[in-house]
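A.B. asks: Take a look at the following structure, please.
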Amino acid sequence: MKIGIIGSGNIGGNLGKHWSKAGHKVLFSSRHPNELKSLVKEAGENAEAVSVTEAFEANADVYLLAMPFKAIDKISELYAGEYGGKIIIDATNPYPERDGEMAQKVRDANYNASEYTAMKFATAKTVKAFNTIHAEHLKDRAFSTIDKLAIPFAAQDQESRAVGKQLIEDMGFDALYVGNLSDTNIMDPDQAIYGKSLDRSTLQALVNTTRVH
Ligand SMILES: NC(=O)c1ccc[n+]([C@@H]2O[C@H](COP(=O)([O-])OP(=O)(O)OC[C@H]3O[C@@H](n4cnc5c(N)ncnc54)[C@H](OP(=O)(O)O)[C@@H]3O)[C@@H](O)[C@H]2O)c1
């Protein structure tokens with residue numbers, strides 16, 4: 001698959017390296033793409049650095065959102081002509097201290113952060129994934145054969161669910177489907193499975209317990 005990485009920092013940088021290693025074509029994007037040279041070198045021959053505009057114009061199959069939450073509004077507006085029908089994997093989290101008032105509004109709203117993203121990127125299919133894991137674990141625990149971690153994810157439809165699952169498993173994590181986007185409240189900051197690095201069965205048990213109560 002061709003994957004456009006929007007925000008090539010702790011999360012986007014590591015996910016892109018893992019997908020590149022798994023054989024996907026990776027477009028790391030930044031507002032300063034020439035600062036990504038060492039990342040591209042580390043990621044190998046499947047990766048290149050581009051501007052955010054070039055990433056959206058490259059007709060990728062999947063776009064990973066791994067920039068500050070506050071950038072969702074502008075990016076969804078600017079590139080509305082490009083991402084229609086594509087899959088958006090949303091790894092962002094709203095943090096008012098970093099993202100300002102719009103993040104507080106989403107925290108206080110009666111919808112989940114993933115539903116906000118899906119509203120903004122309305123013509124794409126949204127998958128919520130990788131927002132609950134610490135960047136260090138994402139970096140160090142991929143491609144493990146023992147003590148595999150499970151990545152919880154949610155998706156808007158069958159196609160995006162299948163792609164989300166595949167892209168999690170391609171980097172050696174287990175994928176745990178938690179439901180559709182209305183079920184992602186447990187994945188949001190400070191909620192039940194946020195920041196939890198667990199194996200599949202322990203994570204599944206925690207999800208089940210959370211839903212019973
Ligand atoms: N760190 C974690 O443990 C963790 C875990 C799970 C989820 N998350 C979430 O994942 C997202 C990224 O976190 P991170 O820790 O990877 O952050 P980061 O290391 O700061 O990387 C974010 C990247 O986004 C780019 N960016 C910043 N503002 C932008 C804008 N307005 N438009 C486009 N690109 C912009 C920056 O690149 P340029 O300045 O080069 O453009 C930056 O390298 C956040 O929403 C965060 O809450 C973080």
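Just remember, in the structure tokens the first chain shown is A, the second B, etc., residues are 1-based per chain, and ligands are 1-based in the order shown.
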Tell me which protein, DNA and RNA residues are within 9 Å of A:Ile72, counting only C-alpha atoms, leaving out same-chain ones fewer than 6 positions away, and put them as a ChimeraX atom specification.

C.D. replies: /A:65,117,120-121

A.B. asks: Counting only C-alpha atoms and all ligand atoms, which protein, DNA or RNA residues come within 7 Å of ligand 1, given as a PyMOL selection string?

C.D. replies: chain A and resi 6-12+30-33+52+66-69+71+75+91-95+130-136

A.B. asks: With only C-alpha atoms as the counted atoms, please give the residues lying no more than 7 Å from stretch 175-188 of chain A, apart from itself and same-chain residues fewer than 3 positions off, as a PDB file with C-alpha atoms, in the first residue's frame.

C.D. replies:
ATOM      1  CA  ASN A 112     -15.545  10.866  20.739  1.00  0.00           C
ATOM      2  CA  ALA A 113     -12.350  12.377  19.315  1.00  0.00           C
ATOM      3  CA  SER A 114     -12.444   9.875  16.436  1.00  0.00           C
ATOM      4  CA  GLU A 115     -15.957  11.011  15.521  1.00  0.00           C
ATOM      5  CA  THR A 132      -3.384   4.736  23.032  1.00  0.00           C
ATOM      6  CA  ALA A 150      -2.209  -5.565  21.211  1.00  0.00           C
ATOM      7  CA  ILE A 151      -3.213  -2.359  19.465  1.00  0.00           C
ATOM      8  CA  PRO A 152      -6.889  -1.470  19.963  1.00  0.00           C
ATOM      9  CA  PHE A 153      -8.597  -0.033  16.908  1.00  0.00           C
ATOM     10  CA  ALA A 154     -12.010   1.004  15.641  1.00  0.00           C
ATOM     11  CA  ALA A 155     -13.263   1.527  12.105  1.00  0.00           C
ATOM     12  CA  GLN A 156     -16.107   3.082  10.188  1.00  0.00           C
ATOM     13  CA  LYS A 165      -6.197  -4.704  11.086  1.00  0.00           C
ATOM     14  CA  ILE A 168      -1.392  -3.225  12.661  1.00  0.00           C
ATOM     15  CA  GLU A 169      -0.482  -6.875  12.079  1.00  0.00           C
ATOM     16  CA  GLN A 191     -10.150   6.628  29.645  1.00  0.00           C
ATOM     17  CA  ALA A 192     -10.063   2.884  30.366  1.00  0.00           C
ATOM     18  CA  ILE A 193      -7.571   1.596  27.781  1.00  0.00           C
ATOM     19  CA  TYR A 194      -5.628   4.799  27.120  1.00  0.00           C
ATOM     20  CA  ARG A 200      -4.406  -9.309  23.480  1.00  0.00           C
TER      21      ARG A 200
END

A.B. asks: For A:Gly84, find every residue with an atom within 12 Å (counting only C-alpha atoms), except residues of its own chain fewer than 4 positions away, and show them as a PDB file with N, CA and C atoms, in the first residue's frame.

C.D. replies:
ATOM      1  N   PHE A  56      -0.655  14.630   0.029  1.00  0.00           N
ATOM      2  CA  PHE A  56      -2.071  14.506  -0.340  1.00  0.00           C
ATOM      3  C   PHE A  56      -2.264  14.434  -1.855  1.00  0.00           C
ATOM      4  N   GLU A  57      -1.337  15.019  -2.585  1.00  0.00           N
ATOM      5  CA  GLU A  57      -1.470  14.958  -4.057  1.00  0.00           C
ATOM      6  C   GLU A  57      -0.957  13.634  -4.624  1.00  0.00           C
ATOM      7  N   ASN A  59      -1.939  10.664  -4.082  1.00  0.00           N
ATOM      8  CA  ASN A  59      -2.938   9.612  -4.280  1.00  0.00           C
ATOM      9  C   ASN A  59      -2.591   8.336  -3.494  1.00  0.00           C
ATOM     10  N   ALA A  60      -2.281   8.528  -2.206  1.00  0.00           N
ATOM     11  CA  ALA A  60      -1.976   7.370  -1.355  1.00  0.00           C
ATOM     12  C   ALA A  60      -3.262   6.594  -1.066  1.00  0.00           C
ATOM     13  N   ASP A  61      -3.095   5.353  -0.619  1.00  0.00           N
ATOM     14  CA  ASP A  61      -4.272   4.554  -0.246  1.00  0.00           C
ATOM     15  C   ASP A  61      -4.754   4.922   1.144  1.00  0.00           C
ATOM     16  N   VAL A  62      -3.772   5.255   1.988  1.00  0.00           N
ATOM     17  CA  VAL A  62      -4.048   5.487   3.412  1.00  0.00           C
ATOM     18  C   VAL A  62      -3.288   6.732   3.857  1.00  0.00           C
ATOM     19  N   TYR A  63      -3.930   7.545   4.704  1.00  0.00           N
ATOM     20  CA  TYR A  63      -3.233   8.662   5.332  1.00  0.00           C
ATOM     21  C   TYR A  63      -3.245   8.479   6.833  1.00  0.00           C
ATOM     22  N   SER A  76      -8.009  19.102   7.092  1.00  0.00           N
ATOM     23  CA  SER A  76      -9.214  18.498   6.489  1.00  0.00           C
ATOM     24  C   SER A  76      -9.845  19.454   5.470  1.00  0.00           C
ATOM     25  N   GLU A  77      -9.713  20.747   5.720  1.00  0.00           N
ATOM     26  CA  GLU A  77     -10.267  21.741   4.795  1.00  0.00           C
ATOM     27  C   GLU A  77      -9.410  21.883   3.543  1.00  0.00           C
ATOM     28  N   TYR A  79      -7.211  19.913   2.114  1.00  0.00           N
ATOM     29  CA  TYR A  79      -6.998  18.778   1.213  1.00  0.00           C
ATOM     30  C   TYR A  79      -8.266  17.977   0.938  1.00  0.00           C
ATOM     31  N   ALA A  80      -9.407  18.655   1.110  1.00  0.00           N
ATOM     32  CA  ALA A  80     -10.700  17.973   0.924  1.00  0.00           C
ATOM     33  C   ALA A  80     -10.834  17.400  -0.488  1.00  0.00           C
ATOM     34  N   ILE A  88      -8.326   7.096   6.412  1.00  0.00           N
ATOM     35  CA  ILE A  88      -7.579   7.947   7.337  1.00  0.00           C
ATOM     36  C   ILE A  88      -7.369   7.142   8.612  1.00  0.00           C
ATOM     37  N   ALA A 118     -13.719  12.052  11.940  1.00  0.00           N
ATOM     38  CA  ALA A 118     -14.556  11.524  10.852  1.00  0.00           C
ATOM     39  C   ALA A 118     -15.523  12.584  10.320  1.00  0.00           C
ATOM     40  N   LYS A 120     -14.836  15.791  10.224  1.00  0.00           N
ATOM     41  CA  LYS A 120     -14.018  16.736   9.456  1.00  0.00           C
ATOM     42  C   LYS A 120     -13.565  16.128   8.123  1.00  0.00           C
ATOM     43  N   PHE A 121     -13.120  14.867   8.159  1.00  0.00           N
ATOM     44  CA  PHE A 121     -12.687  14.186   6.933  1.00  0.00           C
ATOM     45  C   PHE A 121     -13.869  13.361   6.411  1.00  0.00           C
ATOM     46  N   ALA A 122     -14.963  14.056   6.156  1.00  0.00           N
ATOM     47  CA  ALA A 122     -16.245  13.362   5.942  1.00  0.00           C
ATOM     48  C   ALA A 122     -16.267  12.444   4.723  1.00  0.00           C
ATOM     49  N   THR A 123     -15.470  12.731   3.715  1.00  0.00           N
ATOM     50  CA  THR A 123     -15.524  11.897   2.503  1.00  0.00           C
ATOM     51  C   THR A 123     -14.547  10.717   2.554  1.00  0.00           C
ATOM     52  N   ALA A 124     -13.779  10.636   3.643  1.00  0.00           N
ATOM     53  CA  ALA A 124     -12.851   9.501   3.812  1.00  0.00           C
ATOM     54  C   ALA A 124     -13.460   8.501   4.786  1.00  0.00           C
ATOM     55  N   LYS A 125     -12.776   7.365   4.963  1.00  0.00           N
ATOM     56  CA  LYS A 125     -13.185   6.383   5.977  1.00  0.00           C
ATOM     57  C   LYS A 125     -12.170   6.455   7.105  1.00  0.00           C
ATOM     58  N   THR A 126     -12.650   6.651   8.322  1.00  0.00           N
ATOM     59  CA  THR A 126     -11.726   6.831   9.445  1.00  0.00           C
ATOM     60  C   THR A 126     -11.543   5.551  10.260  1.00  0.00           C
TER      61      THR A 126
END

A.B. asks: What is the distance, in Å and to one decimal place, between atom CA of A:Leu138 and atom CA of A:Lys17?

C.D. replies: 10.8 Å

A.B. asks: Could you find all residues in stretch 7-185 of chain A that DSSP calls strand (DSSP E) from the backbone, and write them as a PyMOL selection string?

C.D. replies: chain A and resi 25-30+47-51+62-65+87-90+125-129+150-155+174-179

A.B. asks: Taking only C-alpha atoms into account, name the residue in A:Arg107, A:Lys25, A:Lys139, A:Lys86 that is nearest to A:Pro189.

C.D. replies: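 The answer is A:Arg107, which sits nearest to A:Pro189.
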
A.B. asks: For A:Thr145, which of A:Asp174, A:Met102, A:Ala129, A:Arg211 is the closest residue, counting only C-alpha atoms?

C.D. replies: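 Looking only at the distances to A:Thr145, the closest residue turns out to be A:Asp174.
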
A.B. asks: Could you give me, as a ChimeraX atom specification, the residues within 9 Å of A:Ala43, counting only C-alpha atoms and dropping anything in the same chain fewer than 3 positions from it?

C.D. replies: /A:13-14,16-21,26,38-40,46-48

A.B. asks: Would you output that residue set with N, CA and C atoms, as a CSV table (one decimal), in the first residue's frame?

C.D. replies:
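Dumped to again_16.csv:
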chain,number,residue,atom,x,y,z
A,13,GLY,N,6.8,9.0,12.7
A,13,GLY,CA,8.2,8.6,12.3
A,13,GLY,C,8.3,7.1,12.5
A,14,ASN,N,7.9,6.6,13.7
A,14,ASN,CA,8.1,5.2,14.0
A,14,ASN,C,7.1,4.3,13.2
A,16,GLY,N,5.9,5.0,10.3
A,16,GLY,CA,6.4,4.9,8.9
A,16,GLY,C,7.5,4.0,8.7
A,17,LYS,N,8.5,4.0,9.7
A,17,LYS,CA,9.6,3.1,9.6
A,17,LYS,C,9.2,1.6,9.6
A,18,HIS,N,8.2,1.3,10.5
A,18,HIS,CA,7.7,0.0,10.6
A,18,HIS,C,7.0,-0.5,9.3
A,19,TRP,N,6.2,0.4,8.7
A,19,TRP,CA,5.5,0.1,7.5
A,19,TRP,C,6.4,-0.1,6.3
A,20,SER,N,7.4,0.8,6.3
A,20,SER,CA,8.4,0.7,5.3
A,20,SER,C,9.1,-0.7,5.3
A,21,LYS,N,9.5,-1.0,6.6
A,21,LYS,CA,10.2,-2.3,6.8
A,21,LYS,C,9.3,-3.5,6.3
A,26,VAL,N,6.1,4.4,1.8
A,26,VAL,CA,5.8,5.4,2.8
A,26,VAL,C,6.3,6.8,2.4
A,38,SER,N,17.4,12.1,7.8
A,38,SER,CA,17.9,11.0,8.5
A,38,SER,C,16.8,10.0,8.8
A,39,LEU,N,15.6,10.4,9.0
A,39,LEU,CA,14.4,9.5,9.1
A,39,LEU,C,14.3,8.6,7.9
A,40,VAL,N,14.3,9.3,6.7
A,40,VAL,CA,14.2,8.6,5.4
A,40,VAL,C,15.3,7.5,5.2
A,46,ASN,N,12.0,2.1,0.7
A,46,ASN,CA,10.5,2.3,0.5
A,46,ASN,C,10.0,3.7,0.9
A,47,ALA,N,10.9,4.5,1.5
A,47,ALA,CA,10.4,5.8,2.1
A,47,ALA,C,11.0,7.0,1.4
A,48,GLU,N,10.2,8.1,1.4
A,48,GLU,CA,10.7,9.4,0.9
A,48,GLU,C,10.1,10.5,1.7
